[in-house]
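Reproduced below: start12.txt, with compact mmCIF, N, CA and C atoms.
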```txt
# COMPACT_ATOMS: atom_id res chain seq x y z
N MET A 142 -3.61 -3.50 7.45
CA MET A 142 -4.34 -4.75 7.62
C MET A 142 -3.98 -5.69 6.47
N LYS A 143 -4.04 -6.95 6.76
CA LYS A 143 -3.72 -7.94 5.74
C LYS A 143 -4.61 -7.72 4.53
N GLY A 144 -4.02 -7.67 3.37
CA GLY A 144 -4.77 -7.47 2.14
C GLY A 144 -4.71 -6.06 1.60
N ASP A 145 -4.22 -5.09 2.41
CA ASP A 145 -4.03 -3.73 1.90
C ASP A 145 -3.11 -3.80 0.69
N ARG A 146 -3.42 -2.99 -0.32
CA ARG A 146 -2.65 -3.03 -1.56
C ARG A 146 -2.42 -1.64 -2.09
N VAL A 147 -1.26 -1.43 -2.68
CA VAL A 147 -0.97 -0.17 -3.37
C VAL A 147 -0.38 -0.53 -4.73
N GLU A 148 -0.97 0.04 -5.78
CA GLU A 148 -0.45 -0.15 -7.14
C GLU A 148 0.27 1.13 -7.55
N ILE A 149 1.45 0.97 -8.13
CA ILE A 149 2.24 2.11 -8.58
C ILE A 149 2.47 1.94 -10.08
N VAL A 150 2.04 2.92 -10.87
CA VAL A 150 2.26 2.90 -12.32
C VAL A 150 3.38 3.90 -12.61
N VAL A 151 4.45 3.40 -13.25
CA VAL A 151 5.66 4.20 -13.47
C VAL A 151 5.95 4.31 -14.96
N ASP A 152 6.35 5.51 -15.38
CA ASP A 152 6.78 5.74 -16.76
C ASP A 152 8.18 5.15 -16.93
N ALA A 153 8.30 4.20 -17.86
CA ALA A 153 9.59 3.54 -18.10
C ALA A 153 10.13 3.88 -19.48
N GLY A 154 9.97 5.11 -19.88
CA GLY A 154 10.46 5.54 -21.19
C GLY A 154 9.40 5.35 -22.26
N ASP A 155 9.52 4.29 -23.04
CA ASP A 155 8.57 4.05 -24.13
C ASP A 155 7.35 3.26 -23.66
N THR A 156 7.29 2.82 -22.44
CA THR A 156 6.17 2.02 -21.93
C THR A 156 5.94 2.37 -20.45
N THR A 157 4.93 1.76 -19.87
CA THR A 157 4.68 1.92 -18.44
C THR A 157 4.84 0.58 -17.74
N ARG A 158 5.21 0.64 -16.49
CA ARG A 158 5.33 -0.57 -15.68
C ARG A 158 4.47 -0.41 -14.44
N THR A 159 3.85 -1.50 -14.03
CA THR A 159 3.01 -1.49 -12.85
C THR A 159 3.64 -2.35 -11.76
N TYR A 160 3.77 -1.77 -10.58
CA TYR A 160 4.29 -2.48 -9.42
C TYR A 160 3.19 -2.54 -8.38
N GLU A 161 3.22 -3.56 -7.56
CA GLU A 161 2.20 -3.75 -6.55
C GLU A 161 2.85 -4.10 -5.22
N MET A 162 2.42 -3.43 -4.16
CA MET A 162 2.90 -3.73 -2.81
C MET A 162 1.68 -4.19 -2.02
N VAL A 163 1.77 -5.39 -1.44
CA VAL A 163 0.64 -5.99 -0.72
C VAL A 163 1.08 -6.34 0.70
N ALA A 164 0.20 -6.07 1.67
CA ALA A 164 0.44 -6.51 3.05
C ALA A 164 -0.01 -7.97 3.13
N ASN A 165 0.95 -8.89 3.18
CA ASN A 165 0.64 -10.31 3.09
C ASN A 165 0.27 -10.97 4.42
N ARG A 166 0.76 -10.47 5.51
CA ARG A 166 0.52 -11.12 6.80
C ARG A 166 -0.44 -10.31 7.65
N ALA A 167 -1.08 -10.98 8.61
CA ALA A 167 -2.02 -10.32 9.50
C ALA A 167 -1.29 -9.26 10.33
N GLY A 168 -1.93 -8.12 10.52
CA GLY A 168 -1.36 -7.06 11.33
C GLY A 168 -0.45 -6.11 10.58
N ARG A 169 -0.17 -6.38 9.33
CA ARG A 169 0.69 -5.48 8.55
C ARG A 169 -0.17 -4.56 7.70
N ARG A 170 0.40 -3.41 7.38
CA ARG A 170 -0.31 -2.44 6.55
C ARG A 170 0.69 -1.83 5.56
N VAL A 171 0.15 -1.17 4.56
CA VAL A 171 0.99 -0.52 3.56
C VAL A 171 0.83 0.99 3.72
N GLU A 172 1.96 1.69 3.82
CA GLU A 172 1.95 3.14 3.96
C GLU A 172 2.69 3.78 2.79
N THR A 173 2.21 4.96 2.39
CA THR A 173 2.87 5.70 1.31
C THR A 173 3.34 7.04 1.84
N ALA A 174 4.43 7.54 1.27
CA ALA A 174 4.96 8.85 1.64
C ALA A 174 5.67 9.45 0.42
N VAL A 175 5.55 10.77 0.29
CA VAL A 175 6.25 11.47 -0.78
C VAL A 175 7.20 12.45 -0.09
N ARG A 176 8.50 12.23 -0.29
CA ARG A 176 9.52 13.05 0.36
C ARG A 176 10.63 13.40 -0.63
N ARG A 177 10.92 14.68 -0.75
CA ARG A 177 12.04 15.16 -1.56
C ARG A 177 12.09 14.55 -2.96
N GLY A 178 10.95 14.48 -3.61
CA GLY A 178 10.92 13.99 -4.98
C GLY A 178 10.95 12.48 -5.11
N VAL A 179 10.74 11.77 -4.01
CA VAL A 179 10.74 10.31 -4.02
C VAL A 179 9.43 9.80 -3.42
N VAL A 180 8.78 8.89 -4.12
CA VAL A 180 7.58 8.23 -3.60
C VAL A 180 8.04 6.94 -2.94
N GLU A 181 7.68 6.78 -1.68
CA GLU A 181 8.11 5.62 -0.90
C GLU A 181 6.88 4.85 -0.44
N VAL A 182 6.84 3.56 -0.76
CA VAL A 182 5.74 2.69 -0.35
C VAL A 182 6.35 1.61 0.54
N SER A 183 5.84 1.48 1.78
CA SER A 183 6.43 0.56 2.75
C SER A 183 5.39 -0.36 3.35
N GLU A 184 5.79 -1.60 3.60
CA GLU A 184 4.98 -2.55 4.36
C GLU A 184 5.45 -2.45 5.81
N VAL A 185 4.51 -2.18 6.73
CA VAL A 185 4.84 -1.89 8.11
C VAL A 185 4.10 -2.85 9.04
N THR A 186 4.79 -3.28 10.12
CA THR A 186 4.17 -4.16 11.12
C THR A 186 3.34 -3.34 12.10
N ARG A 187 2.65 -4.03 13.01
CA ARG A 187 1.85 -3.34 14.03
C ARG A 187 2.69 -2.39 14.87
N SER A 188 3.90 -2.82 15.19
CA SER A 188 4.77 -2.01 16.05
C SER A 188 5.43 -0.84 15.31
N GLY A 189 5.28 -0.78 14.00
CA GLY A 189 5.84 0.32 13.21
C GLY A 189 7.15 0.00 12.53
N SER A 190 7.62 -1.23 12.65
CA SER A 190 8.86 -1.63 11.97
C SER A 190 8.62 -1.82 10.48
N VAL A 191 9.51 -1.28 9.67
CA VAL A 191 9.37 -1.40 8.23
C VAL A 191 9.92 -2.77 7.80
N VAL A 192 9.10 -3.52 7.05
CA VAL A 192 9.50 -4.84 6.58
C VAL A 192 10.19 -4.72 5.23
N ARG A 193 9.59 -3.97 4.31
CA ARG A 193 10.19 -3.77 2.99
C ARG A 193 9.71 -2.43 2.44
N THR A 194 10.49 -1.88 1.55
CA THR A 194 10.20 -0.56 1.01
C THR A 194 10.48 -0.55 -0.49
N ALA A 195 9.62 0.15 -1.23
CA ALA A 195 9.84 0.38 -2.66
C ALA A 195 9.91 1.90 -2.86
N ARG A 196 10.93 2.35 -3.60
CA ARG A 196 11.11 3.78 -3.84
C ARG A 196 11.10 4.07 -5.34
N PHE A 197 10.42 5.16 -5.70
CA PHE A 197 10.30 5.56 -7.10
C PHE A 197 10.51 7.07 -7.18
N MET A 198 11.10 7.54 -8.28
CA MET A 198 11.23 8.97 -8.51
C MET A 198 9.84 9.54 -8.77
N ALA A 199 9.49 10.60 -8.06
CA ALA A 199 8.15 11.18 -8.15
C ALA A 199 7.83 11.66 -9.56
N THR A 200 8.84 12.12 -10.30
CA THR A 200 8.59 12.61 -11.66
C THR A 200 8.22 11.48 -12.61
N ARG A 201 8.54 10.24 -12.27
CA ARG A 201 8.24 9.09 -13.11
C ARG A 201 6.93 8.39 -12.74
N VAL A 202 6.38 8.68 -11.58
CA VAL A 202 5.15 8.02 -11.13
C VAL A 202 3.95 8.65 -11.84
N LEU A 203 3.19 7.82 -12.55
CA LEU A 203 2.00 8.28 -13.26
C LEU A 203 0.76 8.15 -12.39
N ALA A 204 0.68 7.07 -11.61
CA ALA A 204 -0.49 6.83 -10.77
C ALA A 204 -0.07 6.06 -9.53
N LEU A 205 -0.74 6.39 -8.43
CA LEU A 205 -0.54 5.71 -7.16
C LEU A 205 -1.92 5.38 -6.63
N VAL A 206 -2.31 4.10 -6.69
CA VAL A 206 -3.67 3.68 -6.35
C VAL A 206 -3.64 2.87 -5.07
N GLU A 207 -4.24 3.42 -4.01
CA GLU A 207 -4.33 2.72 -2.73
C GLU A 207 -5.66 1.97 -2.68
N GLN A 208 -5.58 0.69 -2.36
CA GLN A 208 -6.78 -0.15 -2.30
C GLN A 208 -6.85 -0.83 -0.93
N PRO A 209 -7.43 -0.14 0.06
CA PRO A 209 -7.50 -0.73 1.39
C PRO A 209 -8.54 -1.86 1.44
N VAL A 210 -8.35 -2.76 2.39
CA VAL A 210 -9.31 -3.84 2.61
C VAL A 210 -10.54 -3.23 3.28
N PRO A 211 -11.74 -3.57 2.84
CA PRO A 211 -12.93 -3.03 3.50
C PRO A 211 -12.97 -3.49 4.96
N ARG A 212 -13.16 -2.54 5.85
CA ARG A 212 -13.22 -2.85 7.27
C ARG A 212 -14.64 -2.67 7.77
N GLU A 213 -15.04 -3.52 8.72
CA GLU A 213 -16.38 -3.45 9.28
C GLU A 213 -16.39 -2.56 10.51
N ASP A 214 -17.47 -1.79 10.68
CA ASP A 214 -17.67 -1.04 11.91
C ASP A 214 -18.29 -1.96 12.94
N ALA A 215 -18.26 -1.56 14.19
CA ALA A 215 -18.86 -2.36 15.26
C ALA A 215 -20.37 -2.50 15.03
N SER A 216 -21.02 -1.46 14.50
CA SER A 216 -22.46 -1.53 14.25
C SER A 216 -22.79 -2.53 13.15
N GLU A 217 -21.91 -2.64 12.13
CA GLU A 217 -22.13 -3.60 11.06
C GLU A 217 -21.98 -5.03 11.55
N ARG A 218 -21.07 -5.26 12.48
CA ARG A 218 -20.89 -6.62 13.01
C ARG A 218 -22.10 -7.06 13.80
N ARG A 219 -22.72 -6.15 14.57
CA ARG A 219 -23.89 -6.50 15.36
C ARG A 219 -25.08 -6.87 14.47
N THR A 220 -25.29 -6.11 13.41
CA THR A 220 -26.44 -6.39 12.54
C THR A 220 -26.24 -7.68 11.77
N ALA A 221 -25.01 -8.01 11.43
CA ALA A 221 -24.75 -9.25 10.71
C ALA A 221 -24.96 -10.47 11.60
N ALA A 222 -24.70 -10.32 12.90
CA ALA A 222 -24.85 -11.44 13.83
C ALA A 222 -26.31 -11.67 14.20
N GLU A 223 -27.14 -10.64 14.06
CA GLU A 223 -28.56 -10.78 14.46
C GLU A 223 -29.38 -11.55 13.48
```
What do you get writing this file as structure tokens?
Amino acid sequence: MKGDRVEIVVDAGDTTRTYEMVANRAGRRVETAVRRGVVEVSEVTRSGSVVRTARFMATRVLALVEQPVPREDASERRTAAE
């Protein structure tokens, strides 16, 4: 969903670097996967097409923070409208 965010903190030797992947358009989401020692963060469309991808060595990743957009349930929408 638009606004989904993932922050990646990476060890860069003597310091740390923070990268951020954000789903900027409506209908897009951010997905993470860890495969064969690589952390992959991708922005994906509704149909499943990958728009962009960031890859990091898993041994260098210190933190992976997923921050989804708060979503409303159908029951919450009804009470807000009443």
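For chain A, a DSSP pass over the backbone yields helix (DSSP H, G or I) at Ala215, Ser216, Glu217, Arg218, Arg219, Thr220, Ala221 and Ala222 of chain A.
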Distance of atom N of Val151 (chain A) from CA of Val185 (chain A), expressed in Å to one decimal place = 22.0 Å
List as a PDB file with N, CA and C atoms, in the coordinates of the input the protein and nucleic acid residues near Thr159 (chain A), meaning an atom at most 8 Å away when all atoms listed in the file are counted, but skip any in the same chain fewer than 6 places from it.
```
ATOM      1  N   GLU A 148      -0.970   0.040  -5.780  1.00  0.00           N
ATOM      2  CA  GLU A 148      -0.450  -0.150  -7.140  1.00  0.00           C
ATOM      3  C   GLU A 148       0.270   1.130  -7.550  1.00  0.00           C
ATOM      4  N   ILE A 149       1.450   0.970  -8.130  1.00  0.00           N
ATOM      5  CA  ILE A 149       2.240   2.110  -8.580  1.00  0.00           C
ATOM      6  C   ILE A 149       2.470   1.940 -10.080  1.00  0.00           C
ATOM      7  N   VAL A 150       2.040   2.920 -10.870  1.00  0.00           N
ATOM      8  CA  VAL A 150       2.260   2.900 -12.320  1.00  0.00           C
ATOM      9  C   VAL A 150       3.380   3.900 -12.610  1.00  0.00           C
ATOM     10  N   VAL A 151       4.450   3.400 -13.250  1.00  0.00           N
ATOM     11  CA  VAL A 151       5.660   4.200 -13.470  1.00  0.00           C
ATOM     12  C   VAL A 151       5.950   4.310 -14.960  1.00  0.00           C
ATOM     13  N   ASP A 152       6.350   5.510 -15.380  1.00  0.00           N
ATOM     14  CA  ASP A 152       6.780   5.740 -16.760  1.00  0.00           C
ATOM     15  C   ASP A 152       8.180   5.150 -16.930  1.00  0.00           C
TER      16      ASP A 152
END
```
DSSP says strand (DSSP E) for which residues of chain A? Put them as number ranges by chain?
-> A: 146-152, 157-163, 170-176, 179-185, 191-198, 202-208
Kindly indicate which residue among A:Ser183, A:Met198, A:Lys143, A:Leu203 lies nearest to Val171 (chain A), using only N, CA and C atoms for the distances.
-> A:Ser183
Using only C-alpha atoms, which of the listed residues (A:Ala153, A:Val206, A:Val179, A:Thr173) sits closest to Val191 (chain A)?
->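 Of A:Ala153, A:Val206, A:Val179, A:Thr173, the one nearest Val191 (chain A), counting only C-alpha atoms, is A:Thr173.
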What is the CA of Pro209 (chain A) to CA of Gly144 (chain A) distance in Å?
-> 7.3 Å
Got a sec: who's within 8 Å of Glu184 (chain A), counting all atoms listed in the file, leaving out chain neighbours fewer than 2 positions off, as a ChimeraX atom specification?
-> /A:162-165,169-173,181-182,186-187,189-195
Have a look at atom N of Gln208 (chain A) and CA of Arg177 (chain A) and let me know their distance in Å, one decimal.
-> 22.8 Å
